[in-house]
Amino acid sequence: MAAIRVNSEMAGSIWKLLVAVGDEVAEGADLLLLESMKMEIPVAAPRSGKVAEIRVEEGETVAEGQCLLVLAG
Amino acid sequence: MTAVEAARASLQDAAREAALARQRDRGKLTARERVAALLDAGSFLEVGGFATAEPDGEAGRRQSPADGVVTGTGRIEGRAAVVVAQDFSVAGGSIGRLGTAKTVHAVETAVARGLPLVMLLDGGGHRIQDGQDARSFAHASPLIRTLARASGWVPLVSLMLGPGFAGPTNFAGLSDLVVMVRGISAMGMAGPALVKAATGEDIDQDALGGADAQAHAHGLADLAVEDEAAAFETARRFLSYLPASARAPQAVRPCVDPADRRDEALLHLVPEDRRRGFDVRLAIAGIADRNSVFELKPRYAANMVTALARLDGRPVGILANQSLRLGGIIDAAAAEKGARFIAFCDAYSIPLVSLIDVPGFLIGSGAERSGLGRRSAKLPFEWAHATVPRISVVLRKGYGLGYIAMAGGRSMQADAAFAWPNAEICAMSIEGSVDVAYRRDYAAAPDPAARRQELIDGIRARTGALRAAEGFGLDDVIDPRDTRARIIEVLRQAEGREHGGMPPKKRAIPPI
């Protein structure tokens with residue numbers, strides 16, 4: 001399967017990264033926690049795969065639609 | 001009678017196996033098998049089975065049995081209903097002149113008798129032979145107007161059991177329940193071939209309007225299921241909560257779950273860390289009658305849970321903020337999902353329970369681009385026009401306009417306004433308000449961080465549930481374990497209450 005980008009559904013800041021490059025993740029597994037409007041918002045894997053790239057750091061502010069990480073098939 | 005019996009026999013699947021082969025090859029049931037699978041055994045009474053296109057037309061008599069749509073009445077769990085089943089084996093399920101007349105007649109029957117209408121849709125829209133002729137098409141179809149007028153009077157169910165682009169998609173748009181079957185269902189404004197021809201966009205049917213796309217991403221369908229049997233079961237379950245029409249008695253069932261049952265787990269459901277999400281569906285399960293919760297659109301705008309359920313046997317609609325999704329923040333999709341659910345429950349006199357844990361409406365440029373300013377008004381609009389009893393319970397956060405949009409406090413004349421002990425009710429996030437209003441104050445302090453925390457603690461002490469009740473913004477602060485009993489008692493007392501007193505306007509103008 002082709003690589004897919006996991007984008008942020010909303011603006012906020014990266015609270016905690018829960019995976020590292022190379023990790024195998026199952027569909028629905030939490031990849032990172034976004035912090036927005038004083039809530040921790042888990043970002044889940046849309047499908048299973050291997051974390052190919054992480055494009056953000058903890059504490060970084062992200063925009064809605066911004067690519068957070070890339071999953072390979 | 002022999003000629004009549006022979007004609008009737010010719011309509012049955014046994015006489016049409018050759019025509020039905022492709023339908024079966026696609027793994028689909030036939031229209032008549034579907035009707036039989038949906039309805040109670042032996043209860044189907046067909047109307048217009050002999051209708052057929054003119055023998056000299058493009059589609060001759062033999063090619064258009066029942067003119068491509070099986071209609072009639074039957075029973076679902078003992079209750080009468082009207083059914084329409086498009087037959088894909090007749091000119092691709094296309095809607096011809098008599099098929100249209102039969103379908104309109106079925107809708108009118110449902111309206112006149114006050115019966116639910118279930119549409120089993122499997123068709124390609126207008127029959128091209130009829131449609132590409134102004135002499136025919138200029139009349140247009142009265143069907144969509146008839147359906148629109150039936151909406152809110154009788155429950156409308158669309159089961160998408162094949163491709164249902166254009167017309168059938170509009171029928172679904174007017175329906176109270178839309179179910180799609182993975183692998184065989186699709187809907188949208190036009191299918192992939194027409195999209196490609198008209199716009200050049202290359203997209204396959206599933207990505208364009210398949211079950212998962214329409215149920216999870218677009219929210220046009222309520223549920224995506226694995227097979228046709230599950231679709232029929234979903235329709236039966238949905239109708240079990242509803243009256244036959246807007247003026248028929250509620251579908252109350254005997255309840256074996258004690259009204260005063262306490263769910264101990266509710267005491268520890270809300271995490272101590274206020275940033276952390278929890279699954280509000282556990283609260284719903286703990287409050288509602290056992291095994292009575294039926295969630296609609298579970299994966300679309302999941303930050304707003306909408307579910308039918310029963311409390312002491314009475315159907316209720318439950319609206320709840322889900323902090324596991326987007327923190328429970330209300331975005332445009334959640335606002336519309338919730339507002340439509342309120343309108344639907346109100347139409348069928350189903351009382352509403354609002355479980356509030358809302359950090360607010362979504363803010364920022366993305367929110368503005370989505371038109372949230374107007375779309376957010378849909379929730380209060382529907383609450384204000386609804387006449388059913390409603391009860392609000394603040395489970396945790398009741399912030400800002402979101403609190404009002406969820407019918408918190410006195411905003412929507414709730415029949416009861418409750419809160420759990422650790423609720424926090426205020427106009428905006430506490431940290432946010434300190435950063436906006438007191439930044440200069442704490443920045444000038446010897447230890448800005450400590451001063452900021454002191455300000456936050458000071459405000460937090462003034463936002464609790466007890467203080468809310470002291471100001472009479474709430475009726476009571478309740479033990480989470482008693483939520484079920486408290487709601488049931490209010491609903492018993494408020495049964496039949498109509499929230500009225502609307503100014504004598506001609507009609508309401510929804511913030512669409």
# chains A, B, ... in the order shown; residues from 1 in each chain; ligands from 1
>>> interface_residues(of="chain A", to="chain B", cutoff="6 Å", atoms="only C-alpha atoms", output="list in words")
Met39, Glu40 and Ile41 of chain A
>>> residues_around(residues="B:Met180", least_positions_apart="5", cutoff="12 Å", atoms="only C-alpha atoms", output="ChimeraX atom specification")
/B:120-122,157-164,169,172,185-187,206,209-216,219-232,234-235,297
>>> residues_around(residues="A:Val43", least_positions_apart="3", cutoff="8 Å", atoms="only C-alpha atoms", output="PyMOL selection string")
chain A and resi 8+30-34
>>> write_last_selection(atoms="all heavy atoms", output="PDB file, in the first residue's frame")
ATOM      1  N   SER A   8      -3.216  16.963  10.720  1.00  0.00           N
ATOM      2  CA  SER A   8      -3.888  17.435  11.929  1.00  0.00           C
ATOM      3  C   SER A   8      -5.302  17.894  11.577  1.00  0.00           C
ATOM      4  O   SER A   8      -5.507  18.629  10.614  1.00  0.00           O
ATOM      5  CB  SER A   8      -3.128  18.597  12.556  1.00  0.00           C
ATOM      6  OG  SER A   8      -3.790  18.993  13.742  1.00  0.00           O
ATOM      7  N   ASP A  30      -3.163   5.227  18.958  1.00  0.00           N
ATOM      8  CA  ASP A  30      -2.806   6.638  19.099  1.00  0.00           C
ATOM      9  C   ASP A  30      -1.362   6.863  18.670  1.00  0.00           C
ATOM     10  O   ASP A  30      -0.457   6.147  19.089  1.00  0.00           O
ATOM     11  CB  ASP A  30      -2.990   7.088  20.554  1.00  0.00           C
ATOM     12  CG  ASP A  30      -4.469   7.178  20.915  1.00  0.00           C
ATOM     13  OD1 ASP A  30      -5.302   7.232  19.977  1.00  0.00           O
ATOM     14  OD2 ASP A  30      -4.792   7.209  22.117  1.00  0.00           O
ATOM     15  N   LEU A  31      -1.161   7.873  17.835  1.00  0.00           N
ATOM     16  CA  LEU A  31       0.172   8.180  17.336  1.00  0.00           C
ATOM     17  C   LEU A  31       0.810   9.312  18.123  1.00  0.00           C
ATOM     18  O   LEU A  31       1.999   9.327  18.382  1.00  0.00           O
ATOM     19  CB  LEU A  31       0.082   8.589  15.863  1.00  0.00           C
ATOM     20  CG  LEU A  31      -0.532   7.547  14.923  1.00  0.00           C
ATOM     21  CD1 LEU A  31      -0.770   8.148  13.553  1.00  0.00           C
ATOM     22  CD2 LEU A  31       0.373   6.327  14.826  1.00  0.00           C
ATOM     23  N   LEU A  32      -0.015  10.297  18.452  1.00  0.00           N
ATOM     24  CA  LEU A  32       0.474  11.423  19.239  1.00  0.00           C
ATOM     25  C   LEU A  32      -0.701  12.119  19.893  1.00  0.00           C
ATOM     26  O   LEU A  32      -1.860  11.848  19.561  1.00  0.00           O
ATOM     27  CB  LEU A  32       1.262  12.404  18.361  1.00  0.00           C
ATOM     28  CG  LEU A  32       0.583  13.001  17.125  1.00  0.00           C
ATOM     29  CD1 LEU A  32      -0.270  14.196  17.476  1.00  0.00           C
ATOM     30  CD2 LEU A  32       1.655  13.443  16.135  1.00  0.00           C
ATOM     31  N   LEU A  33      -0.383  12.966  20.859  1.00  0.00           N
ATOM     32  CA  LEU A  33      -1.422  13.757  21.506  1.00  0.00           C
ATOM     33  C   LEU A  33      -1.234  15.206  21.099  1.00  0.00           C
ATOM     34  O   LEU A  33      -0.144  15.770  21.225  1.00  0.00           O
ATOM     35  CB  LEU A  33      -1.334  13.649  23.038  1.00  0.00           C
ATOM     36  CG  LEU A  33      -1.567  12.260  23.637  1.00  0.00           C
ATOM     37  CD1 LEU A  33      -1.322  12.306  25.156  1.00  0.00           C
ATOM     38  CD2 LEU A  33      -2.984  11.780  23.352  1.00  0.00           C
ATOM     39  N   LEU A  34      -2.321  15.772  20.601  1.00  0.00           N
ATOM     40  CA  LEU A  34      -2.333  17.180  20.245  1.00  0.00           C
ATOM     41  C   LEU A  34      -2.953  17.898  21.435  1.00  0.00           C
ATOM     42  O   LEU A  34      -3.799  17.331  22.130  1.00  0.00           O
ATOM     43  CB  LEU A  34      -3.233  17.321  19.023  1.00  0.00           C
ATOM     44  CG  LEU A  34      -3.277  18.627  18.273  1.00  0.00           C
ATOM     45  CD1 LEU A  34      -1.952  18.851  17.555  1.00  0.00           C
ATOM     46  CD2 LEU A  34      -4.403  18.566  17.237  1.00  0.00           C
TER      47      LEU A  34
END
>>> select_by_dssp(residues="stretch 185-316 of chain B", states="helix (DSSP H, G or I)", output="ChimeraX atom specification")
/B:192-199,205-209,211-217,228-240,264-268,280-287
>>> residues_around(residues="stretch 415-425 of chain B", least_positions_apart="6", cutoff="6 Å", atoms="only C-alpha atoms", output="compact mmCIF listing (two decimals) with N, CA, C and O atoms, in the first residue's frame")
# COMPACT_ATOMS: atom_id res chain seq x y z
N ARG B 390 -36.78 18.00 27.84
CA ARG B 390 -35.33 17.86 27.70
C ARG B 390 -34.68 18.02 29.08
O ARG B 390 -35.13 18.81 29.91
N ILE B 391 -33.63 17.25 29.28
CA ILE B 391 -32.91 17.25 30.55
C ILE B 391 -31.44 17.41 30.25
O ILE B 391 -30.91 16.75 29.35
N SER B 392 -30.77 18.31 30.96
CA SER B 392 -29.33 18.46 30.76
C SER B 392 -28.57 18.02 32.01
O SER B 392 -29.03 18.24 33.13
N VAL B 393 -27.43 17.39 31.78
CA VAL B 393 -26.55 16.97 32.87
C VAL B 393 -25.13 17.38 32.48
O VAL B 393 -24.61 16.92 31.47
N VAL B 394 -24.52 18.26 33.27
CA VAL B 394 -23.13 18.64 32.99
C VAL B 394 -22.24 17.58 33.64
O VAL B 394 -22.16 17.49 34.86
N LEU B 395 -21.59 16.77 32.83
CA LEU B 395 -20.73 15.71 33.36
C LEU B 395 -19.39 16.29 33.79
O LEU B 395 -18.79 15.86 34.77
N ARG B 396 -18.91 17.26 33.05
CA ARG B 396 -17.61 17.87 33.38
C ARG B 396 -17.60 19.32 32.92
O ARG B 396 -18.00 20.18 33.67
N LYS B 397 -17.23 19.59 31.67
CA LYS B 397 -17.07 20.98 31.26
C LYS B 397 -18.35 21.53 30.64
O LYS B 397 -18.92 20.91 29.73
N GLY B 398 -18.74 22.69 31.08
CA GLY B 398 -19.83 23.41 30.43
C GLY B 398 -19.32 24.80 30.13
O GLY B 398 -19.47 25.71 30.93
N TYR B 399 -18.69 24.92 28.97
CA TYR B 399 -17.99 26.17 28.65
C TYR B 399 -18.71 26.95 27.55
O TYR B 399 -19.03 26.41 26.49
N GLY B 409 -28.04 24.55 31.84
CA GLY B 409 -28.65 25.53 32.74
C GLY B 409 -30.06 25.90 32.32
O GLY B 409 -30.88 25.04 32.01
N THR B 463 -15.99 28.27 39.68
CA THR B 463 -16.68 27.70 38.51
C THR B 463 -17.28 26.33 38.80
O THR B 463 -17.73 25.65 37.88
N GLY B 464 -17.32 25.92 40.06
CA GLY B 464 -17.76 24.56 40.38
C GLY B 464 -19.27 24.37 40.34
O GLY B 464 -20.05 25.32 40.25
N ALA B 465 -19.66 23.09 40.41
CA ALA B 465 -21.07 22.72 40.32
C ALA B 465 -21.87 23.28 41.49
O ALA B 465 -23.00 23.76 41.31
N LEU B 474 -28.57 25.79 38.15
CA LEU B 474 -28.86 24.35 38.06
C LEU B 474 -29.93 24.00 39.10
O LEU B 474 -30.05 24.67 40.13
N ASP B 475 -30.66 22.92 38.83
CA ASP B 475 -31.65 22.44 39.80
C ASP B 475 -30.97 21.74 40.96
O ASP B 475 -31.39 21.84 42.11
N ASP B 476 -29.91 20.95 40.61
CA ASP B 476 -29.31 20.13 41.65
C ASP B 476 -27.96 19.60 41.17
O ASP B 476 -27.73 19.47 39.96
N VAL B 477 -27.10 19.32 42.15
CA VAL B 477 -25.85 18.60 41.87
C VAL B 477 -26.12 17.17 42.29
O VAL B 477 -26.51 16.92 43.43
N ILE B 478 -25.95 16.23 41.36
CA ILE B 478 -26.38 14.86 41.64
C ILE B 478 -25.20 13.91 41.71
O ILE B 478 -24.15 14.13 41.12
N PRO B 480 -23.34 10.93 40.46
CA PRO B 480 -23.36 10.33 39.11
C PRO B 480 -24.11 9.00 39.06
O PRO B 480 -24.77 8.70 38.06
>>> atom_distance(atom1="atom CA of A:Ala20", atom2="atom CA of B:Phe278")
25.1 Å
>>> select_by_dssp(residues="stretch 38-248 of chain B", states="strand (DSSP E or B)", output="JSON, numbers by chain")
{"B": [45, 46, 47, 69, 70, 71, 72, 73, 74, 75, 76, 79, 80, 81, 82, 83, 84, 85, 86, 95, 117, 118, 119, 120, 121, 126, 156, 157, 158, 159, 160, 163, 164, 165, 177, 178, 179, 180, 181, 186, 187, 188, 210, 223, 224, 225]}
>>> residues_around(residues="A:Gly59", least_positions_apart="6", cutoff="10 Å", atoms="only C-alpha atoms", output="number ranges by chain")
A: 12-17, 34-35
>>> write_last_selection(atoms="N, CA and C atoms", output="tab-separated table (two decimals), in the first residue's frame")
chain	number	residue	atom	x	y	z
A	12	GLY	N	-3.37	23.45	16.90
A	12	GLY	CA	-3.04	23.18	18.30
A	12	GLY	C	-1.54	23.03	18.43
A	13	SER	N	-1.09	22.43	19.54
A	13	SER	CA	0.34	22.18	19.66
A	13	SER	C	0.56	20.71	19.97
A	14	ILE	N	1.74	20.23	19.63
A	14	ILE	CA	2.05	18.81	19.85
A	14	ILE	C	2.37	18.63	21.33
A	15	TRP	N	1.57	17.85	21.98
A	15	TRP	CA	1.69	17.64	23.43
A	15	TRP	C	2.65	16.49	23.70
A	16	LYS	N	2.45	15.38	23.03
A	16	LYS	CA	3.29	14.22	23.27
A	16	LYS	C	3.34	13.32	22.02
A	17	LEU	N	4.54	12.91	21.64
A	17	LEU	CA	4.66	11.93	20.56
A	17	LEU	C	4.62	10.54	21.20
A	34	LEU	N	-2.32	15.77	20.60
A	34	LEU	CA	-2.33	17.18	20.25
A	34	LEU	C	-2.95	17.90	21.44
A	35	GLU	N	-2.52	19.12	21.67
A	35	GLU	CA	-3.16	19.90	22.73
A	35	GLU	C	-3.83	21.09	22.08
>>> closest_residue(among="A:Ala63, A:Val21, A:Ile54, A:Leu69", to="A:Val6", atoms="only C-alpha atoms")
A:Leu69
>>> atom_distance(atom1="atom CA of B:Ile350", atom2="atom CA of B:Thr387")
9.7 Å
>>> closest_residue(among="B:Ile330, B:Ser141, B:Thr71, B:Ala301", to="A:Met37", atoms="only C-alpha atoms")
B:Ile330
>>> residues_around(residues="A:Val25", least_positions_apart="5", cutoff="12 Å", atoms="only C-alpha atoms", output="PDB file with N, CA and C atoms, in the first residue's frame")
ATOM      1  N   LEU A  18       3.840   9.651  20.669  1.00  0.00           N
ATOM      2  CA  LEU A  18       3.669   8.332  21.273  1.00  0.00           C
ATOM      3  C   LEU A  18       4.337   7.227  20.449  1.00  0.00           C
ATOM      4  N   VAL A  19       4.850   7.593  19.274  1.00  0.00           N
ATOM      5  CA  VAL A  19       5.509   6.600  18.429  1.00  0.00           C
ATOM      6  C   VAL A  19       6.836   7.160  17.924  1.00  0.00           C
ATOM      7  N   ALA A  20       7.678   6.283  17.418  1.00  0.00           N
ATOM      8  CA  ALA A  20       8.955   6.699  16.839  1.00  0.00           C
ATOM      9  C   ALA A  20       9.029   6.149  15.413  1.00  0.00           C
ATOM     10  N   ASP A  30      -3.163   5.227  18.958  1.00  0.00           N
ATOM     11  CA  ASP A  30      -2.806   6.638  19.099  1.00  0.00           C
ATOM     12  C   ASP A  30      -1.362   6.863  18.670  1.00  0.00           C
ATOM     13  N   LEU A  31      -1.161   7.873  17.835  1.00  0.00           N
ATOM     14  CA  LEU A  31       0.172   8.180  17.336  1.00  0.00           C
ATOM     15  C   LEU A  31       0.810   9.312  18.123  1.00  0.00           C
ATOM     16  N   LEU A  32      -0.015  10.297  18.452  1.00  0.00           N
ATOM     17  CA  LEU A  32       0.474  11.423  19.239  1.00  0.00           C
ATOM     18  C   LEU A  32      -0.701  12.119  19.893  1.00  0.00           C
ATOM     19  N   ALA A  44      -5.146   9.319  15.914  1.00  0.00           N
ATOM     20  CA  ALA A  44      -5.060   7.869  15.741  1.00  0.00           C
ATOM     21  C   ALA A  44      -4.622   7.507  14.326  1.00  0.00           C
ATOM     22  N   ALA A  45      -4.060   6.323  14.198  1.00  0.00           N
ATOM     23  CA  ALA A  45      -3.643   5.832  12.876  1.00  0.00           C
ATOM     24  C   ALA A  45      -4.886   5.495  12.048  1.00  0.00           C
ATOM     25  N   PRO A  46      -5.007   6.070  10.856  1.00  0.00           N
ATOM     26  CA  PRO A  46      -6.170   5.772  10.016  1.00  0.00           C
ATOM     27  C   PRO A  46      -6.165   4.326   9.517  1.00  0.00           C
ATOM     28  N   ARG A  47      -4.976   3.723   9.472  1.00  0.00           N
ATOM     29  CA  ARG A  47      -4.863   2.296   9.149  1.00  0.00           C
ATOM     30  C   ARG A  47      -3.538   1.792   9.703  1.00  0.00           C
ATOM     31  N   SER A  48      -3.351   0.494   9.670  1.00  0.00           N
ATOM     32  CA  SER A  48      -2.110  -0.048  10.213  1.00  0.00           C
ATOM     33  C   SER A  48      -0.958   0.279   9.254  1.00  0.00           C
ATOM     34  N   GLY A  49       0.247   0.263   9.780  1.00  0.00           N
ATOM     35  CA  GLY A  49       1.405   0.545   8.945  1.00  0.00           C
ATOM     36  C   GLY A  49       2.630   0.817   9.798  1.00  0.00           C
ATOM     37  N   LYS A  50       3.676   1.260   9.121  1.00  0.00           N
ATOM     38  CA  LYS A  50       4.941   1.537   9.801  1.00  0.00           C
ATOM     39  C   LYS A  50       5.166   3.041   9.754  1.00  0.00           C
ATOM     40  N   VAL A  51       5.593   3.602  10.877  1.00  0.00           N
ATOM     41  CA  VAL A  51       5.837   5.047  10.911  1.00  0.00           C
ATOM     42  C   VAL A  51       7.083   5.336  10.075  1.00  0.00           C
ATOM     43  N   ALA A  52       6.872   6.016   8.951  1.00  0.00           N
ATOM     44  CA  ALA A  52       7.981   6.262   8.024  1.00  0.00           C
ATOM     45  C   ALA A  52       8.670   7.590   8.324  1.00  0.00           C
ATOM     46  N   VAL A  70       3.984  10.406   8.553  1.00  0.00           N
ATOM     47  CA  VAL A  70       3.687   9.612   7.362  1.00  0.00           C
ATOM     48  C   VAL A  70       3.758   8.131   7.733  1.00  0.00           C
ATOM     49  N   LEU A  71       2.734   7.402   7.317  1.00  0.00           N
ATOM     50  CA  LEU A  71       2.703   5.956   7.540  1.00  0.00           C
ATOM     51  C   LEU A  71       2.986   5.239   6.221  1.00  0.00           C
ATOM     52  N   ALA A  72       3.832   4.243   6.268  1.00  0.00           N
ATOM     53  CA  ALA A  72       4.063   3.428   5.072  1.00  0.00           C
ATOM     54  C   ALA A  72       3.286   2.130   5.224  1.00  0.00           C
ATOM     55  N   GLY A  73       2.908   1.531   4.094  1.00  0.00           N
ATOM     56  CA  GLY A  73       2.034   0.353   4.089  1.00  0.00           C
ATOM     57  C   GLY A  73       2.625  -0.899   4.616  1.00  0.00           C
TER      58      GLY A  73
END
>>> residues_around(residues="B:Arg310", least_positions_apart="2", cutoff="8 Å", atoms="only C-alpha atoms", output="ChimeraX atom specification")
/B:288-289,292-293,308,312-316
>>> closest_residue(among="B:Glu272, B:Asp279, B:Asp435, B:Glu454", to="B:Asn303", atoms="only C-alpha atoms")
B:Asp279
>>> closest_residue(among="A:Glu60, A:Glu53, A:Arg5, A:Met10", to="A:Ser36", atoms="only C-alpha atoms")
A:Met10
>>> decode(residues="chain A", atoms="C-alpha atoms", output="short mmCIF file (atom, residue, chain, number, x, y, z; two decimals), in the first residue's frame")
data_model
loop_
_atom_site.label_atom_id
_atom_site.label_comp_id
_atom_site.auth_asym_id
_atom_site.auth_seq_id
_atom_site.Cartn_x
_atom_site.Cartn_y
_atom_site.Cartn_z
CA MET A 1 0.00 0.00 0.00
CA ALA A 2 1.09 3.53 -0.67
CA ALA A 3 2.34 5.78 2.10
CA ILE A 4 -0.28 7.99 3.66
CA ARG A 5 0.03 11.31 5.39
CA VAL A 6 -1.62 11.80 8.75
CA ASN A 7 -2.77 15.41 8.94
CA SER A 8 -3.89 17.43 11.93
CA GLU A 9 -7.66 17.82 12.10
CA MET A 10 -7.32 21.06 14.01
CA ALA A 11 -4.89 23.76 15.04
CA GLY A 12 -3.04 23.18 18.30
CA SER A 13 0.34 22.18 19.66
CA ILE A 14 2.05 18.81 19.85
CA TRP A 15 1.69 17.64 23.43
CA LYS A 16 3.29 14.22 23.27
CA LEU A 17 4.66 11.93 20.56
CA LEU A 18 3.67 8.33 21.27
CA VAL A 19 5.51 6.60 18.43
CA ALA A 20 8.95 6.70 16.84
CA VAL A 21 10.08 6.23 13.24
CA GLY A 22 10.10 2.53 12.42
CA ASP A 23 7.31 1.58 14.84
CA GLU A 24 4.60 -0.72 13.52
CA VAL A 25 1.18 0.64 14.46
CA ALA A 26 -2.27 -0.90 14.30
CA GLU A 27 -5.27 0.89 12.84
CA GLY A 28 -6.82 3.10 15.50
CA ALA A 29 -3.67 3.21 17.68
CA ASP A 30 -2.81 6.64 19.10
CA LEU A 31 0.17 8.18 17.34
CA LEU A 32 0.47 11.42 19.24
CA LEU A 33 -1.42 13.76 21.51
CA LEU A 34 -2.33 17.18 20.25
CA GLU A 35 -3.16 19.90 22.73
CA SER A 36 -5.85 22.33 21.74
CA MET A 37 -8.43 24.32 23.66
CA LYS A 38 -6.98 22.85 26.89
CA MET A 39 -7.81 19.30 25.85
CA GLU A 40 -5.52 16.41 24.97
CA ILE A 41 -6.62 15.24 21.57
CA PRO A 42 -5.33 11.84 20.46
CA VAL A 43 -4.44 11.46 16.80
CA ALA A 44 -5.06 7.87 15.74
CA ALA A 45 -3.64 5.83 12.88
CA PRO A 46 -6.17 5.77 10.02
CA ARG A 47 -4.86 2.30 9.15
CA SER A 48 -2.11 -0.05 10.21
CA GLY A 49 1.40 0.54 8.94
CA LYS A 50 4.94 1.54 9.80
CA VAL A 51 5.84 5.05 10.91
CA ALA A 52 7.98 6.26 8.02
CA GLU A 53 8.42 9.89 9.00
CA ILE A 54 7.56 12.19 11.89
CA ARG A 55 7.32 15.77 10.75
CA VAL A 56 6.64 17.54 14.06
CA GLU A 57 8.26 17.93 17.47
CA GLU A 58 6.77 18.12 20.92
CA GLY A 59 5.74 21.67 21.72
CA GLU A 60 5.47 22.67 18.07
CA THR A 61 2.39 24.58 16.96
CA VAL A 62 0.56 23.01 14.04
CA ALA A 63 -2.11 24.29 11.69
CA GLU A 64 -5.29 22.53 10.65
CA GLY A 65 -4.48 20.18 7.78
CA GLN A 66 -0.73 20.18 8.47
CA CYS A 67 1.02 16.85 7.92
CA LEU A 68 2.10 15.37 11.28
CA LEU A 69 3.59 12.10 10.18
CA VAL A 70 3.69 9.61 7.36
CA LEU A 71 2.70 5.96 7.54
CA ALA A 72 4.06 3.43 5.07
CA GLY A 73 2.03 0.35 4.09
#
